[in-house]
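Containing mmCIF, N, CA and C atoms and all ligand atoms: model_19.cif.
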data_data
loop_
_atom_site.label_atom_id
_atom_site.label_comp_id
_atom_site.auth_asym_id
_atom_site.auth_seq_id
_atom_site.Cartn_x
_atom_site.Cartn_y
_atom_site.Cartn_z
N MET R 1 20.68 -32.04 -5.21
CA MET R 1 21.02 -33.36 -5.75
C MET R 1 19.74 -34.20 -5.80
N PRO R 2 19.46 -34.83 -6.94
CA PRO R 2 18.21 -35.58 -7.04
C PRO R 2 18.20 -36.75 -6.06
N GLY R 3 17.02 -37.03 -5.57
CA GLY R 3 16.89 -38.13 -4.63
C GLY R 3 15.45 -38.57 -4.49
N LEU R 4 15.26 -39.66 -3.79
CA LEU R 4 13.93 -40.21 -3.55
C LEU R 4 13.79 -40.39 -2.04
N ASP R 5 12.69 -39.88 -1.50
CA ASP R 5 12.43 -40.06 -0.08
C ASP R 5 11.78 -41.42 0.12
N CYS R 6 12.55 -42.34 0.67
CA CYS R 6 12.04 -43.69 0.90
C CYS R 6 10.99 -43.66 2.00
N ARG R 7 10.10 -44.65 1.97
CA ARG R 7 9.04 -44.73 2.95
C ARG R 7 9.58 -44.84 4.39
N CYS R 8 10.81 -45.35 4.54
CA CYS R 8 11.40 -45.52 5.87
C CYS R 8 11.97 -44.21 6.42
N GLY R 9 12.02 -43.18 5.57
CA GLY R 9 12.55 -41.90 6.01
C GLY R 9 13.93 -41.58 5.47
N HIS R 10 14.60 -42.58 4.93
CA HIS R 10 15.93 -42.36 4.36
C HIS R 10 15.80 -41.71 2.98
N ARG R 11 16.63 -40.73 2.70
CA ARG R 11 16.63 -40.11 1.37
C ARG R 11 17.71 -40.79 0.53
N ILE R 12 17.26 -41.43 -0.56
CA ILE R 12 18.18 -42.11 -1.45
C ILE R 12 18.57 -41.12 -2.54
N SER R 13 19.82 -40.72 -2.51
CA SER R 13 20.30 -39.77 -3.51
C SER R 13 20.80 -40.53 -4.72
N TYR R 14 20.41 -40.07 -5.90
CA TYR R 14 20.92 -40.73 -7.11
C TYR R 14 21.64 -39.74 -8.02
N GLY R 15 22.20 -38.70 -7.42
CA GLY R 15 22.93 -37.71 -8.19
C GLY R 15 24.42 -38.01 -8.32
N ARG R 16 24.91 -38.89 -7.47
CA ARG R 16 26.34 -39.19 -7.53
C ARG R 16 26.65 -40.11 -8.70
N ILE R 17 27.83 -39.96 -9.27
CA ILE R 17 28.28 -40.82 -10.37
C ILE R 17 29.63 -41.40 -10.00
N PRO R 18 29.77 -42.71 -9.84
CA PRO R 18 28.66 -43.67 -9.86
C PRO R 18 27.87 -43.61 -8.55
N CYS R 19 26.63 -44.08 -8.63
CA CYS R 19 25.74 -44.03 -7.47
C CYS R 19 25.73 -45.41 -6.79
N PRO R 20 26.10 -45.46 -5.51
CA PRO R 20 26.16 -46.75 -4.83
C PRO R 20 24.80 -47.39 -4.58
N ASP R 21 23.71 -46.61 -4.66
CA ASP R 21 22.37 -47.16 -4.39
C ASP R 21 21.57 -47.38 -5.66
N GLU R 22 22.15 -47.09 -6.82
CA GLU R 22 21.45 -47.28 -8.09
C GLU R 22 21.97 -48.53 -8.79
N TRP R 23 21.04 -49.28 -9.34
CA TRP R 23 21.37 -50.48 -10.11
C TRP R 23 20.76 -50.34 -11.48
N LEU R 24 21.46 -50.80 -12.48
CA LEU R 24 20.98 -50.74 -13.85
C LEU R 24 20.57 -52.13 -14.29
N PHE R 25 19.52 -52.20 -15.12
CA PHE R 25 19.10 -53.49 -15.64
C PHE R 25 18.52 -53.32 -17.05
N ILE R 26 18.49 -54.42 -17.75
CA ILE R 26 17.98 -54.43 -19.11
C ILE R 26 17.21 -55.73 -19.29
N SER R 27 16.11 -55.69 -20.04
CA SER R 27 15.35 -56.91 -20.28
C SER R 27 16.14 -57.84 -21.19
N ASP R 28 15.84 -59.10 -21.10
CA ASP R 28 16.53 -60.07 -21.95
C ASP R 28 16.21 -59.81 -23.42
N VAL R 29 14.99 -59.38 -23.70
CA VAL R 29 14.60 -59.08 -25.08
C VAL R 29 15.42 -57.91 -25.62
N ASP R 30 15.55 -56.86 -24.83
CA ASP R 30 16.35 -55.72 -25.28
C ASP R 30 17.83 -56.08 -25.39
N TYR R 31 18.30 -56.89 -24.45
CA TYR R 31 19.72 -57.27 -24.50
C TYR R 31 19.99 -58.15 -25.71
N ASP R 32 18.99 -58.93 -26.12
CA ASP R 32 19.15 -59.80 -27.28
C ASP R 32 19.41 -58.99 -28.54
N GLY R 33 18.99 -57.72 -28.55
CA GLY R 33 19.21 -56.85 -29.70
C GLY R 33 20.60 -56.22 -29.71
N VAL R 34 21.37 -56.46 -28.67
CA VAL R 34 22.73 -55.91 -28.59
C VAL R 34 23.69 -56.94 -29.15
N THR R 35 24.42 -56.55 -30.18
CA THR R 35 25.36 -57.50 -30.79
C THR R 35 26.69 -56.81 -31.07
N GLY R 36 27.68 -57.63 -31.27
CA GLY R 36 28.99 -57.12 -31.66
C GLY R 36 29.63 -56.28 -30.58
N ALA R 37 30.54 -55.43 -31.02
CA ALA R 37 31.21 -54.53 -30.09
C ALA R 37 30.17 -53.60 -29.48
N VAL R 38 30.22 -53.43 -28.19
CA VAL R 38 29.19 -52.68 -27.50
C VAL R 38 29.72 -51.29 -27.13
N ASP R 39 28.93 -50.30 -27.49
CA ASP R 39 29.21 -48.92 -27.07
C ASP R 39 28.55 -48.76 -25.70
N ALA R 40 29.36 -48.56 -24.68
CA ALA R 40 28.84 -48.49 -23.32
C ALA R 40 27.74 -47.45 -23.18
N GLU R 41 27.89 -46.32 -23.84
CA GLU R 41 26.88 -45.25 -23.73
C GLU R 41 25.56 -45.68 -24.37
N GLU R 42 25.64 -46.39 -25.51
CA GLU R 42 24.41 -46.87 -26.17
C GLU R 42 23.72 -47.93 -25.31
N LEU R 43 24.50 -48.81 -24.71
CA LEU R 43 23.92 -49.83 -23.84
C LEU R 43 23.28 -49.17 -22.63
N TYR R 44 23.94 -48.17 -22.08
CA TYR R 44 23.41 -47.45 -20.91
C TYR R 44 22.03 -46.86 -21.21
N LYS R 45 21.87 -46.33 -22.43
CA LYS R 45 20.59 -45.71 -22.80
C LYS R 45 19.46 -46.72 -22.86
N LYS R 46 19.77 -47.98 -23.08
CA LYS R 46 18.74 -49.02 -23.15
C LYS R 46 18.34 -49.54 -21.77
N MET R 47 19.11 -49.20 -20.76
CA MET R 47 18.87 -49.76 -19.43
C MET R 47 17.91 -48.91 -18.61
N ASN R 48 17.25 -49.58 -17.67
CA ASN R 48 16.42 -48.93 -16.67
C ASN R 48 17.18 -48.95 -15.35
N SER R 49 16.67 -48.21 -14.39
CA SER R 49 17.33 -48.11 -13.09
C SER R 49 16.40 -48.49 -11.96
N PHE R 50 16.98 -49.03 -10.92
CA PHE R 50 16.26 -49.10 -9.65
C PHE R 50 17.18 -48.62 -8.55
N LEU R 51 16.55 -48.11 -7.51
CA LEU R 51 17.27 -47.67 -6.33
C LEU R 51 16.98 -48.67 -5.22
N ARG R 52 18.00 -49.01 -4.46
CA ARG R 52 17.84 -49.91 -3.32
C ARG R 52 18.17 -49.12 -2.08
N CYS R 53 17.19 -49.02 -1.20
CA CYS R 53 17.40 -48.26 0.03
C CYS R 53 18.38 -49.01 0.92
N PRO R 54 19.48 -48.37 1.30
CA PRO R 54 20.46 -49.04 2.15
C PRO R 54 19.98 -49.23 3.58
N GLN R 55 18.88 -48.57 3.92
CA GLN R 55 18.39 -48.64 5.30
C GLN R 55 17.33 -49.72 5.47
N CYS R 56 16.36 -49.81 4.55
CA CYS R 56 15.26 -50.76 4.73
C CYS R 56 15.20 -51.83 3.64
N ARG R 57 16.07 -51.76 2.65
CA ARG R 57 16.16 -52.74 1.56
C ARG R 57 15.01 -52.63 0.56
N ARG R 58 14.13 -51.63 0.67
CA ARG R 58 13.11 -51.45 -0.36
C ARG R 58 13.80 -51.20 -1.69
N VAL R 59 13.14 -51.63 -2.75
CA VAL R 59 13.63 -51.39 -4.09
C VAL R 59 12.60 -50.53 -4.81
N TRP R 60 13.09 -49.48 -5.45
CA TRP R 60 12.23 -48.55 -6.20
C TRP R 60 12.63 -48.65 -7.66
N ILE R 61 11.74 -49.21 -8.47
CA ILE R 61 12.06 -49.43 -9.88
C ILE R 61 11.50 -48.31 -10.74
N PHE R 62 12.37 -47.74 -11.55
CA PHE R 62 11.97 -46.69 -12.51
C PHE R 62 11.90 -47.36 -13.88
N TRP R 63 10.71 -47.81 -14.23
CA TRP R 63 10.54 -48.54 -15.49
C TRP R 63 10.67 -47.62 -16.70
N ARG R 64 10.40 -46.32 -16.51
CA ARG R 64 10.43 -45.37 -17.64
C ARG R 64 11.26 -44.13 -17.30
N GLY R 65 12.38 -44.34 -16.64
CA GLY R 65 13.26 -43.22 -16.33
C GLY R 65 12.88 -42.54 -15.02
N PHE R 66 13.77 -41.68 -14.58
CA PHE R 66 13.57 -41.02 -13.29
C PHE R 66 12.47 -39.97 -13.33
N GLN R 67 11.98 -39.62 -14.52
CA GLN R 67 10.89 -38.65 -14.61
C GLN R 67 9.55 -39.30 -14.27
N SER R 68 9.48 -40.63 -14.36
CA SER R 68 8.24 -41.33 -14.06
C SER R 68 8.23 -41.78 -12.60
N GLU R 69 7.05 -42.15 -12.14
CA GLU R 69 6.92 -42.60 -10.75
C GLU R 69 7.56 -43.98 -10.60
N ALA R 70 8.22 -44.19 -9.49
CA ALA R 70 8.88 -45.48 -9.24
C ALA R 70 7.89 -46.48 -8.67
N GLU R 71 8.10 -47.75 -8.99
CA GLU R 71 7.29 -48.83 -8.43
C GLU R 71 8.05 -49.40 -7.23
N GLU R 72 7.34 -49.55 -6.12
CA GLU R 72 7.97 -49.93 -4.86
C GLU R 72 7.88 -51.43 -4.61
N PHE R 73 8.98 -52.01 -4.16
CA PHE R 73 9.00 -53.42 -3.76
C PHE R 73 9.67 -53.51 -2.39
N LEU R 74 9.09 -54.33 -1.55
CA LEU R 74 9.62 -54.53 -0.20
C LEU R 74 9.96 -56.00 -0.04
N PRO R 75 11.15 -56.33 0.47
CA PRO R 75 11.50 -57.74 0.68
C PRO R 75 10.42 -58.44 1.51
N ALA R 76 10.08 -59.67 1.13
CA ALA R 76 9.04 -60.42 1.81
C ALA R 76 9.45 -60.83 3.21
N SER R 77 10.74 -60.98 3.42
CA SER R 77 11.19 -61.37 4.75
C SER R 77 12.39 -60.51 5.14
N PRO R 78 12.53 -60.28 6.43
CA PRO R 78 13.68 -59.49 6.86
C PRO R 78 14.97 -60.27 6.67
N ALA R 79 16.05 -59.53 6.55
CA ALA R 79 17.36 -60.19 6.44
C ALA R 79 17.64 -60.92 7.75
N ALA R 80 18.43 -61.95 7.67
CA ALA R 80 18.75 -62.74 8.86
C ALA R 80 19.25 -61.85 9.98
N GLY R 81 18.67 -62.01 11.13
CA GLY R 81 19.13 -61.26 12.29
C GLY R 81 18.64 -59.83 12.34
N VAL R 82 17.73 -59.47 11.45
CA VAL R 82 17.26 -58.09 11.41
C VAL R 82 15.76 -58.08 11.71
N GLN R 83 15.34 -57.22 12.60
CA GLN R 83 13.94 -57.07 12.94
C GLN R 83 13.25 -56.28 11.83
N ALA R 84 11.98 -56.61 11.57
CA ALA R 84 11.22 -55.89 10.55
C ALA R 84 11.24 -54.40 10.85
N GLY R 85 11.51 -53.61 9.83
CA GLY R 85 11.51 -52.16 9.97
C GLY R 85 12.81 -51.59 10.47
N ALA R 86 13.71 -52.45 10.93
CA ALA R 86 14.98 -51.94 11.44
C ALA R 86 15.97 -51.80 10.30
N PRO R 87 16.92 -50.89 10.42
CA PRO R 87 17.95 -50.77 9.39
C PRO R 87 18.69 -52.09 9.24
N THR R 88 19.09 -52.41 8.03
CA THR R 88 19.80 -53.65 7.78
C THR R 88 21.31 -53.47 7.94
N LEU R 89 21.75 -52.26 7.96
CA LEU R 89 23.18 -52.00 8.10
C LEU R 89 23.41 -51.20 9.38
N PRO R 90 24.52 -51.47 10.06
CA PRO R 90 24.83 -50.62 11.20
C PRO R 90 24.99 -49.18 10.74
N PRO R 91 24.66 -48.23 11.60
CA PRO R 91 24.72 -46.81 11.19
C PRO R 91 26.05 -46.40 10.59
N ASP R 92 27.15 -47.00 11.04
CA ASP R 92 28.44 -46.57 10.51
C ASP R 92 28.67 -47.06 9.09
N GLN R 93 27.81 -47.96 8.60
CA GLN R 93 27.94 -48.43 7.23
C GLN R 93 26.93 -47.79 6.28
N LEU R 94 26.00 -47.01 6.85
CA LEU R 94 25.04 -46.32 5.99
C LEU R 94 25.75 -45.18 5.28
N ASP R 95 25.19 -44.82 4.14
CA ASP R 95 25.78 -43.72 3.39
C ASP R 95 25.71 -42.43 4.19
N SER R 96 26.72 -41.63 4.02
CA SER R 96 26.66 -40.31 4.62
C SER R 96 25.70 -39.47 3.80
N PRO R 97 25.11 -38.46 4.39
CA PRO R 97 24.16 -37.62 3.66
C PRO R 97 24.83 -36.96 2.45
N PRO R 98 24.04 -36.67 1.40
CA PRO R 98 24.61 -36.01 0.22
C PRO R 98 25.22 -34.67 0.60
N GLU R 99 26.25 -34.30 -0.08
CA GLU R 99 26.91 -33.02 0.21
C GLU R 99 26.36 -31.92 -0.64
ZN ZN N 101 14.08 -47.21 3.01
#

Kindly return the structure encoded in the file as structure tokens.
Amino acid sequence: MPGLDCRCGHRISYGRIPCPDEWLFISDVDYDGVTGAVDAEELYKKMNSFLRCPQCRRVWIFWRGFQSEAEEFLPASPAAGVQAGAPTLPPDQLDSPPE
């Protein structure tokens, strides 16, 4: 199953459909070209993806699809009540490993 090894050690799997750690986005310019009745599959093809690590909150943006290298972003501040580098979710809320 395809996945990305996050810097924190967690493997973010993006093979599941739908994927709980994958987010889709589209630029405003590209979205402006979408008019009328929307074909979900056509809209999907225009979107890019990012993965959000459920353990450390890093975001990995795939600007040119999953075949290209992802750009890494790390939140500037830890979530309230969370120590830097610590998981943001209790272990029982983290995703189970891919099957
Ligand atoms: Zn991580």

Query - Contacts of region 26-34 of chain R at 6 Å (all atoms listed in the file; same-chain gap of 4+ positions) as a list of chain:residue names - result: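 Using all atoms listed in the file, the neighbours found are R:Lys46, R:Met47, R:Asn48.
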
Atoms kept (N, CA and C atoms) for selection, written as a compact mmCIF listing (two decimals), in the frame of the given file:
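Listing of selection25.txt after writing:
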# COMPACT_ATOMS: atom_id res chain seq x y z
N LYS R 46 19.77 -47.98 -23.08
CA LYS R 46 18.74 -49.02 -23.15
C LYS R 46 18.34 -49.54 -21.77
N MET R 47 19.11 -49.20 -20.76
CA MET R 47 18.87 -49.76 -19.43
C MET R 47 17.91 -48.91 -18.61
N ASN R 48 17.25 -49.58 -17.67
CA ASN R 48 16.42 -48.93 -16.67
C ASN R 48 17.18 -48.95 -15.35

**Report entry** Shell of 7 Å around ligand ZN 101 (chain N) (only N, CA and C atoms and all ligand atoms), written as a VMD selection string
**Finding:** chain R and resid 5 to 11 52 to 58

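The coordinates place CA of Val38 (chain R) at 23.3 Å from atom N of Trp63 (chain R).
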
Query raised in the report: Where in region 38-70 of chain R does DSSP assign helix (DSSP H, G or I), given as a VMD selection string?
Result: chain R and resid 40 to 46

Report task. Please provide as a PyMOL selection string all residues within 8 Å of Gly65 (chain R), with the sequence filter that same-chain residues fewer than 3 positions apart are discarded (counting all atoms listed in the file). Result -> chain R and resi 47-49+61-62+68-70

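The space between atom N of Arg16 (chain R) and atom N of Gln67 (chain R) spans 14.7 Å.
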
Query - atom N of Leu51 (chain R) to CA of Leu24 (chain R), distance in Å rounded to a single decimal - result: 8.2 Å

Query raised in the report: Using all atoms listed in the file, can you list as a VMD selection string the residues within 5 Å of (17.7, -38.6, -2.0)?
Result: chain R and resid 2 to 4 11 to 14

Could you pull region 18-34 of chain R out of the structure just shown and give N, CA and C atoms as a PDB file, in the first residue's frame?
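Result went into selection.pdb, see below:
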ATOM      1  N   PRO R  18     -11.945   6.089   0.958  1.00  0.00           N
ATOM      2  CA  PRO R  18     -11.235   7.361   1.066  1.00  0.00           C
ATOM      3  C   PRO R  18     -10.121   7.285   2.115  1.00  0.00           C
ATOM      4  N   CYS R  19      -9.155   8.181   1.968  1.00  0.00           N
ATOM      5  CA  CYS R  19      -7.995   8.191   2.856  1.00  0.00           C
ATOM      6  C   CYS R  19      -8.208   9.249   3.947  1.00  0.00           C
ATOM      7  N   PRO R  20      -8.184   8.841   5.212  1.00  0.00           N
ATOM      8  CA  PRO R  20      -8.435   9.799   6.294  1.00  0.00           C
ATOM      9  C   PRO R  20      -7.312  10.816   6.486  1.00  0.00           C
ATOM     10  N   ASP R  21      -6.114  10.551   5.953  1.00  0.00           N
ATOM     11  CA  ASP R  21      -4.986  11.470   6.144  1.00  0.00           C
ATOM     12  C   ASP R  21      -4.689  12.287   4.890  1.00  0.00           C
ATOM     13  N   GLU R  22      -5.461  12.103   3.830  1.00  0.00           N
ATOM     14  CA  GLU R  22      -5.256  12.844   2.591  1.00  0.00           C
ATOM     15  C   GLU R  22      -6.298  13.945   2.460  1.00  0.00           C
ATOM     16  N   TRP R  23      -5.843  15.104   2.028  1.00  0.00           N
ATOM     17  CA  TRP R  23      -6.724  16.241   1.785  1.00  0.00           C
ATOM     18  C   TRP R  23      -6.524  16.692   0.355  1.00  0.00           C
ATOM     19  N   LEU R  24      -7.589  17.081  -0.280  1.00  0.00           N
ATOM     20  CA  LEU R  24      -7.535  17.550  -1.661  1.00  0.00           C
ATOM     21  C   LEU R  24      -7.702  19.057  -1.677  1.00  0.00           C
ATOM     22  N   PHE R  25      -7.010  19.724  -2.609  1.00  0.00           N
ATOM     23  CA  PHE R  25      -7.166  21.168  -2.734  1.00  0.00           C
ATOM     24  C   PHE R  25      -6.992  21.576  -4.195  1.00  0.00           C
ATOM     25  N   ILE R  26      -7.502  22.745  -4.479  1.00  0.00           N
ATOM     26  CA  ILE R  26      -7.431  23.286  -5.832  1.00  0.00           C
ATOM     27  C   ILE R  26      -7.175  24.788  -5.704  1.00  0.00           C
ATOM     28  N   SER R  27      -6.385  25.346  -6.611  1.00  0.00           N
ATOM     29  CA  SER R  27      -6.122  26.780  -6.561  1.00  0.00           C
ATOM     30  C   SER R  27      -7.391  27.539  -6.945  1.00  0.00           C
ATOM     31  N   ASP R  28      -7.469  28.757  -6.490  1.00  0.00           N
ATOM     32  CA  ASP R  28      -8.631  29.581  -6.824  1.00  0.00           C
ATOM     33  C   ASP R  28      -8.688  29.830  -8.327  1.00  0.00           C
ATOM     34  N   VAL R  29      -7.532  29.978  -8.951  1.00  0.00           N
ATOM     35  CA  VAL R  29      -7.479  30.196 -10.402  1.00  0.00           C
ATOM     36  C   VAL R  29      -8.040  28.983 -11.140  1.00  0.00           C
ATOM     37  N   ASP R  30      -7.614  27.798 -10.739  1.00  0.00           N
ATOM     38  CA  ASP R  30      -8.126  26.592 -11.392  1.00  0.00           C
ATOM     39  C   ASP R  30      -9.611  26.387 -11.110  1.00  0.00           C
ATOM     40  N   TYR R  31     -10.008  26.697  -9.875  1.00  0.00           N
ATOM     41  CA  TYR R  31     -11.431  26.520  -9.542  1.00  0.00           C
ATOM     42  C   TYR R  31     -12.291  27.504 -10.314  1.00  0.00           C
ATOM     43  N   ASP R  32     -11.731  28.681 -10.607  1.00  0.00           N
ATOM     44  CA  ASP R  32     -12.478  29.686 -11.359  1.00  0.00           C
ATOM     45  C   ASP R  32     -12.835  29.177 -12.755  1.00  0.00           C
ATOM     46  N   GLY R  33     -12.067  28.206 -13.262  1.00  0.00           N
ATOM     47  CA  GLY R  33     -12.345  27.635 -14.572  1.00  0.00           C
ATOM     48  C   GLY R  33     -13.416  26.558 -14.538  1.00  0.00           C
ATOM     49  N   VAL R  34     -13.892  26.219 -13.364  1.00  0.00           N
ATOM     50  CA  VAL R  34     -14.933  25.200 -13.221  1.00  0.00           C
ATOM     51  C   VAL R  34     -16.283  25.897 -13.223  1.00  0.00           C
TER      52      VAL R  34
END
